[in-house]
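Read the structure below first, then the notes.
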Amino acid sequence: MAKADRNAVARSSVTGENYKQALHWLREHGLTDGAVPDAGDPQQQLLEAALAFALARTPLGALPQTLFGVAKASPAPASLTVWPAPGAEADVLARLLPSRSTEGSLSGVPRLRWSPAGRYLALAVPELAARVLLAARARDVRAAQKRAHAAGLHALTDRPSAGAEESAWREMAAALHDEAPAWSRALRRPLLAAAHRTDMARRAPDWQALAGDEEALRPRPLGPAAFRRTQVVHVRADHGGTGASTVSAQLAYGLARAGWNVALVTDEWLLHEETRRASADEVWHTVDVPSGSGRLQAASAGPFGTDFEARAAEAARHGQMVVLDIGSAPTRGLPDADLSIVVGRYAGREWTRTEIIDRRPEPVQVYDLLDQLFDRRRREDDALHRLLSALDSEFVAYTAARLDDEDDEEDEGDAEPYDRQDAEDVAEWWELFRDAPLHPQDVLPAEDSLPLDRWRQDLLDFIDDEARRRYPDVWEQARALWPEHSRHRNLQRLGTDGDTAGELARQLDAFLSSPNGLGPHAQPTRAVGAAERRTWYEGRLARWLSERFTAHLDHDAVLLAPSPQDRLLGLLDARFTPQIPADVLSAQCARGRWWDAAAAARSLDGFDAGLRGPADAGEDLNRERVRFLRLVDPEGLRRYPDLWPQVSARWAAHHAEATAARRRPFAPTPHQMPGLRRAFADRLRQTDVTSIPGWETVAGRWAAGERTDAERVPDFARLLDRRYHPADPDAVADALVQRVRTAGLGTDDVPTAVVVTFHRAGDTTAPTGAVGEALARRGVAGLQCVPQLRRLERSPFEPASWNDRQVRAVQEDLAALATAALTEKDQKGR
């Protein structure tokens with residue numbers, strides 16, 4: 001049997017890691033900082049101290065006989081990972097995450113927030129450059145919140161930190177200032193500290209009592225160096241279409257130029273030419289590189305990334321440097337990164353500062369300023385509002401499911417949201433319900449076109465028992481309010497987001513009645529008069545009317561046809577598809593659903609008049625119209641014996657006119673618009689507009705087509721002159737750091753670099769060198785701007801791609817960025 005490593009035994013005896021874990025860590029990091037290093041950064045030390053302090057001092061449920069539920073830890077100078085005892089994850093989180101009692105006192109670590117990090121939760125305090133990984137999942141957070149609620153506490157992690165929480169954090173940080181090293185060491189050495197847990201409930205731990213075998217744990221500058229291992233680079237994208245795959249390929253080429261043996265896992269389309277030339281069973285392809293370089297092997301991640309994990313696991317056998325083209329896909333199951341590169345497209349507004357010279361009339365400037373200030377308002381996001389919004393969003397999906405049943409010519413839909421007998425299905429539905437996406441374009445069908453009131457009641461009845469359990473404080477109120485709330489929103493043609501007219505009017509009143517009528521933001525050059533306030537107020541309401549009326553026209557056009565004949569003409573417009581096979585069309589039109597105008601309207605999402613019938617198709621399109629009518633004529637005459645002769649005689653000319661005007665099926669003609677505006681304004685009287693002072697005046701002027709002075713603000717846009725200057729490097733750096741956060745990456749454990757693609761430098765663009773220095777001050781490892789080159793758009797795996805001088809420069813710059821960041825990380829690790 002091999003002799004046990006003394007250093008690994010010493011580490012595992014205080015951290016709780018098993019021998020294999022301790023040995024792996026020592027082989028990775030050596031003993032430069034000791035077998036069990038203390039936190040090297042004061043901010044990291046403070047965060048760890050706050051966690052240990054909260055565990056020791058928060059009396060919330062019994063914990064296993066460990067260090068307050070912590071079974072083991074894996075400390076490094078700049079990072080810490082903590083494992084709760086099995087089954088104690090929720091109890092540990094309940095002590096750590098901040099919550100407030102009904103009396104207002106705080107428990108846990110104020111301002112502490114969590115985010116998913118692979119198999120762990122990343123615990124951090126905003127604006128503190130530190131984090132601790134906890135071996136737990138999101139479901140453990142939910143269980144912890146339930147425990148807190150059972151103890152009479154309200155969790156604070158789902159809302160932004162307020163003044164009281166920020167004050168509590170400052171007080172805790174000040175109290176821990178002198179004791180932080182000892183508390184941090186306790187969390188890093190849980191087996192040693194567990195023996196002192198009774199004392200830690202009253203006073204800070206003794207630094208020396210947690211020293212352990214100092215001879216075994218002390219730093220050894222001449223100790224064994226970390227063995228050389230494969231370096232892994234993750235290439236991420238802040239969103240699709242940024243060129244992350246192109247950057248991955250050019251980075252791989254650049255590293256190979258520098259002498260590395262590189263393994264690249266990338267999108268299937270990027271390797272199309274390589275895979276086409278290779279044998280069917282070849283997975284890893286050796287790519288041509290310049291002579292004297294290293295080696296480059298590449299593999300496809302498979303269709304839609306299905307093989308990504310398998311190829312990534314193999315990559316270390318094919319290269320010393322592994323480049324994983326992740327893009328915006330999840331990283332679960334992939335090897336950990338030594339370097340993350342975030343790729344984003346160049347945005348001129350980030351790199352260029354715009355100076356605006358405003359020559360508009362003063363009232364126009366005032367109206368525009370009021371618009372800007374009002375649009376910065378923030379709705380109070382309370383529990384009742386969140387629940388009503390979630391119901392709004394879910395009802396859109398519920399209605400769509402019932403309509404799908406109807407469209408399939410089955411009995412009226414009784415689609416149940418989930419299977420009550422399947423606990424996993426129930427949990428998944430309510431998890432999605434809590435975080436329901438809000439899509440303003442998801443507008444319900446017209447209120448009088450379907451039995452929506454009954455469907456609302458069906459939904460509430462189905463989820464009632466579970467909702468009472470999950471939302472005991474607000475469910476009764478939400479259930480009472482929501483049906484009328486939903487009905488009013490739908491009558492006003494609102495989607496799942498936005499304000500009703502009554503809500504908007506109340507917000508406008510509150511805004512105008514605030515100090516100076518404007519709040520704490522920038523003020524106009526003079527006081528805003530009462531008449532101007534009223535004009536602006538009416539202009540906002542009129543703008544709301546126009547927006548809602550446009551939605552009404554888009555979503556309710558099938559109901560706006562002035563006669564049955566016009567409705568049937570619109571139906572034929574919607575169903576007409578040139579060159580459809582005769583047998584397919586005959587089979588379709590024999591079915592009742594084909595003749596349902598509402599179903600036809602629902603099929604028009606993404607309608608393009610040019611696709612349905614191009615205006616310049618001439619005689620070919622005319623022949624298609626004749627053929628279409630001939631095929632549907634028998635069924636049309638059978639279903640509409642009185643209407644069909646007139647409709648079939650008019651339809652070809654009607655469709656030609658609509659196609660030339662690129663008018664959607666069922667869309668009203670211009671001469672119908674005044675009547676439709678008046679009808680829409682009349683319909684709104686059934687909603688909360690009755691509570692708005694002066695509404696009838698505003699609605700009457702809008703229905704007549706009049707515009708207020710405030711609505712004419714866009715007409716003066718030509719009097720705004722824009723002059724462009726280089727942006728402040730710090731402002732650009734802040735925008736780029738936001739991309740890093742969007743990609744879900746930090747800059748503490750793994751170095752992160754930023755690549756900006758399609759960069760267009762000019763006299764008005766911030767200098768990249770200064771931006772790179774500003775990023776370095778924010779902890780970002782580096783910056784590289786890739787110019788907009790057509791040569792980068794062709795297939796990367798061709799000899800021309802590494803022979804081209806401009807492309808070669810991009811490759812070399814990317815390789816230099818990656819190797820510099822990895823070298824700096826390696827030096828810090830030593």
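Letters A, B, ... go to the chains of the structure tokens in the order shown; residues in each chain start at 1; ligands are counted from 1 in the same order.
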Show which residues sit within 12 Å of Asp461 of chain A, as a ChimeraX atom specification. Count only C-alpha atoms, and ignore same-chain residues fewer than 5 positions away.
/A:416-417,454-456,466-468,479
Write the residues of the selection above to a file with N, CA and C atoms, as a PDB file, in the first residue's frame.
ATOM      1  N   GLU A 416     -55.782  20.875 -17.789  1.00  0.00           N
ATOM      2  CA  GLU A 416     -55.357  21.095 -16.416  1.00  0.00           C
ATOM      3  C   GLU A 416     -53.925  21.590 -16.417  1.00  0.00           C
ATOM      4  N   PRO A 417     -53.613  22.578 -15.577  1.00  0.00           N
ATOM      5  CA  PRO A 417     -52.249  23.119 -15.579  1.00  0.00           C
ATOM      6  C   PRO A 417     -51.188  22.083 -15.246  1.00  0.00           C
ATOM      7  N   ARG A 454     -65.472  32.231 -17.197  1.00  0.00           N
ATOM      8  CA  ARG A 454     -65.564  30.863 -16.673  1.00  0.00           C
ATOM      9  C   ARG A 454     -64.193  30.212 -16.616  1.00  0.00           C
ATOM     10  N   TRP A 455     -63.368  30.455 -17.618  1.00  0.00           N
ATOM     11  CA  TRP A 455     -62.024  29.877 -17.608  1.00  0.00           C
ATOM     12  C   TRP A 455     -61.181  30.440 -16.459  1.00  0.00           C
ATOM     13  N   ARG A 456     -61.366  31.715 -16.144  1.00  0.00           N
ATOM     14  CA  ARG A 456     -60.653  32.278 -14.997  1.00  0.00           C
ATOM     15  C   ARG A 456     -61.029  31.530 -13.722  1.00  0.00           C
ATOM     16  N   GLU A 466     -53.467  24.375  -3.444  1.00  0.00           N
ATOM     17  CA  GLU A 466     -52.010  24.543  -3.411  1.00  0.00           C
ATOM     18  C   GLU A 466     -51.632  26.008  -3.213  1.00  0.00           C
ATOM     19  N   ALA A 467     -52.400  26.914  -3.816  1.00  0.00           N
ATOM     20  CA  ALA A 467     -52.115  28.345  -3.677  1.00  0.00           C
ATOM     21  C   ALA A 467     -52.303  28.807  -2.234  1.00  0.00           C
ATOM     22  N   ARG A 468     -53.320  28.279  -1.550  1.00  0.00           N
ATOM     23  CA  ARG A 468     -53.519  28.640  -0.139  1.00  0.00           C
ATOM     24  C   ARG A 468     -52.319  28.237   0.701  1.00  0.00           C
ATOM     25  N   ARG A 479     -57.284  36.115  -4.960  1.00  0.00           N
ATOM     26  CA  ARG A 479     -58.377  35.381  -5.600  1.00  0.00           C
ATOM     27  C   ARG A 479     -59.607  36.264  -5.776  1.00  0.00           C
TER      28      ARG A 479
END
Residues of segment 125-349 of chain A in alpha helix (DSSP H) according to DSSP, as a PyMOL selection string?
chain A and resi 138-150+163-175+180-188+190-194+197-200+214-217+244-257+272-277+308-314+348-349
Do you know which residues are at most 8 Å from segment 217-219 of chain A counting only C-alpha atoms, after dropping those on the same chain fewer than 2 positions away, and could you put them as a PyMOL selection string?
chain A and resi 7+10-11+31-37+212-215+221
Pick out the residues sitting within 6 Å of Pro190 of chain A, and hand them over as JSON, numbers by chain; count only C-alpha atoms, and ignore anything fewer than 4 positions along from it in its own chain.
{"A": [15, 67, 186, 194]}
Write a file of the just-selected residues containing all heavy atoms, as a CSV table (one decimal), in the first residue's frame.
chain,number,residue,atom,x,y,z
A,15,THR,N,-10.0,20.3,7.8
A,15,THR,CA,-11.0,20.8,6.9
A,15,THR,C,-12.2,19.9,6.8
A,15,THR,O,-13.3,20.3,6.4
A,15,THR,CB,-10.4,21.0,5.5
A,15,THR,OG1,-10.0,19.7,5.0
A,15,THR,CG2,-9.2,21.9,5.5
A,67,LEU,N,-19.8,21.9,13.0
A,67,LEU,CA,-19.7,23.3,13.2
A,67,LEU,C,-20.9,24.0,12.7
A,67,LEU,O,-21.0,24.5,11.6
A,67,LEU,CB,-18.4,23.9,12.5
A,67,LEU,CG,-18.2,25.4,12.6
A,67,LEU,CD1,-17.9,25.7,14.1
A,67,LEU,CD2,-17.1,25.9,11.7
A,186,ALA,N,-12.2,29.8,11.6
A,186,ALA,CA,-13.1,28.8,12.1
A,186,ALA,C,-13.9,28.1,11.0
A,186,ALA,O,-14.1,26.9,10.9
A,186,ALA,CB,-14.0,29.4,13.1
A,194,ALA,N,-15.3,22.9,15.5
A,194,ALA,CA,-16.5,22.3,16.1
A,194,ALA,C,-16.3,22.0,17.6
A,194,ALA,O,-17.3,22.0,18.3
A,194,ALA,CB,-16.8,20.9,15.3
Please provide the set of residues having any atom within 9 Å of Ala505 of chain A, restricted to only C-alpha atoms, with same-chain residues fewer than 6 positions apart removed, written as a PyMOL selection string.
chain A and resi 537+540-541+689+692-693
Taking N, CA and C atoms for each residue, export the selection above as a PDB file, in the first residue's frame.
ATOM      1  N   TYR A 537     -50.031  65.558 -18.883  1.00  0.00           N
ATOM      2  CA  TYR A 537     -50.837  64.495 -18.302  1.00  0.00           C
ATOM      3  C   TYR A 537     -51.794  63.931 -19.360  1.00  0.00           C
ATOM      4  N   ARG A 540     -49.958  61.892 -22.062  1.00  0.00           N
ATOM      5  CA  ARG A 540     -49.597  60.534 -21.686  1.00  0.00           C
ATOM      6  C   ARG A 540     -50.806  59.608 -21.776  1.00  0.00           C
ATOM      7  N   LEU A 541     -51.953  60.078 -21.350  1.00  0.00           N
ATOM      8  CA  LEU A 541     -53.161  59.254 -21.453  1.00  0.00           C
ATOM      9  C   LEU A 541     -53.525  59.008 -22.915  1.00  0.00           C
ATOM     10  N   VAL A 689     -61.373  53.248 -16.244  1.00  0.00           N
ATOM     11  CA  VAL A 689     -61.220  54.627 -16.727  1.00  0.00           C
ATOM     12  C   VAL A 689     -62.264  55.554 -16.098  1.00  0.00           C
ATOM     13  N   ILE A 692     -61.010  58.169 -13.619  1.00  0.00           N
ATOM     14  CA  ILE A 692     -59.993  59.135 -14.036  1.00  0.00           C
ATOM     15  C   ILE A 692     -60.649  60.489 -14.298  1.00  0.00           C
ATOM     16  N   PRO A 693     -60.259  61.526 -13.560  1.00  0.00           N
ATOM     17  CA  PRO A 693     -60.832  62.862 -13.820  1.00  0.00           C
ATOM     18  C   PRO A 693     -60.503  63.337 -15.238  1.00  0.00           C
TER      19      PRO A 693
END
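Proximity to Asp734 of chain A at 10 Å, evaluated using only C-alpha atoms and with sequence-adjacent residues fewer than 2 positions away removed, yields A:Glu350, A:Pro729, A:Asp730, A:Ala731, A:Val732, A:Leu736, A:Val737, A:Gln738, A:Arg739, A:Val740, A:Val771, A:Ala774, A:Leu775, A:Arg778.
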Please give the complete set of residues from segment 130-343 of chain A that DSSP, run on the backbone, assigns to strand (DSSP E), formatted as number ranges by chain.
A: 132-134, 153-155, 231-237, 261-266, 284-287, 295-300, 321-327, 339-343
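Atom pair atom CA of Asp338 of chain A / atom CA of Ala821 of chain A: separated by 9.2 Å.
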Atom CA of Arg470 of chain A and atom CA of Leu51 of chain A are how many Å apart?
28.6 Å
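Of the residues listed (A:Ala661, A:Leu251, A:Ala313, A:Val92), A:Leu251 shows the shortest atom-to-atom separation from Leu296 of chain A; distances use only C-alpha atoms.
We find atom CA of Phe462 of chain A and atom CA of Ala151 of chain A to be spaced 29.4 Å apart.
Residues in contact range of Arg718 of chain A, defined as at most 10 Å between only C-alpha atoms, with sequence neighbours fewer than 3 positions away removed, read Asp358, Arg359, Arg360, Pro714, Asp715 and Asp721 of chain A.
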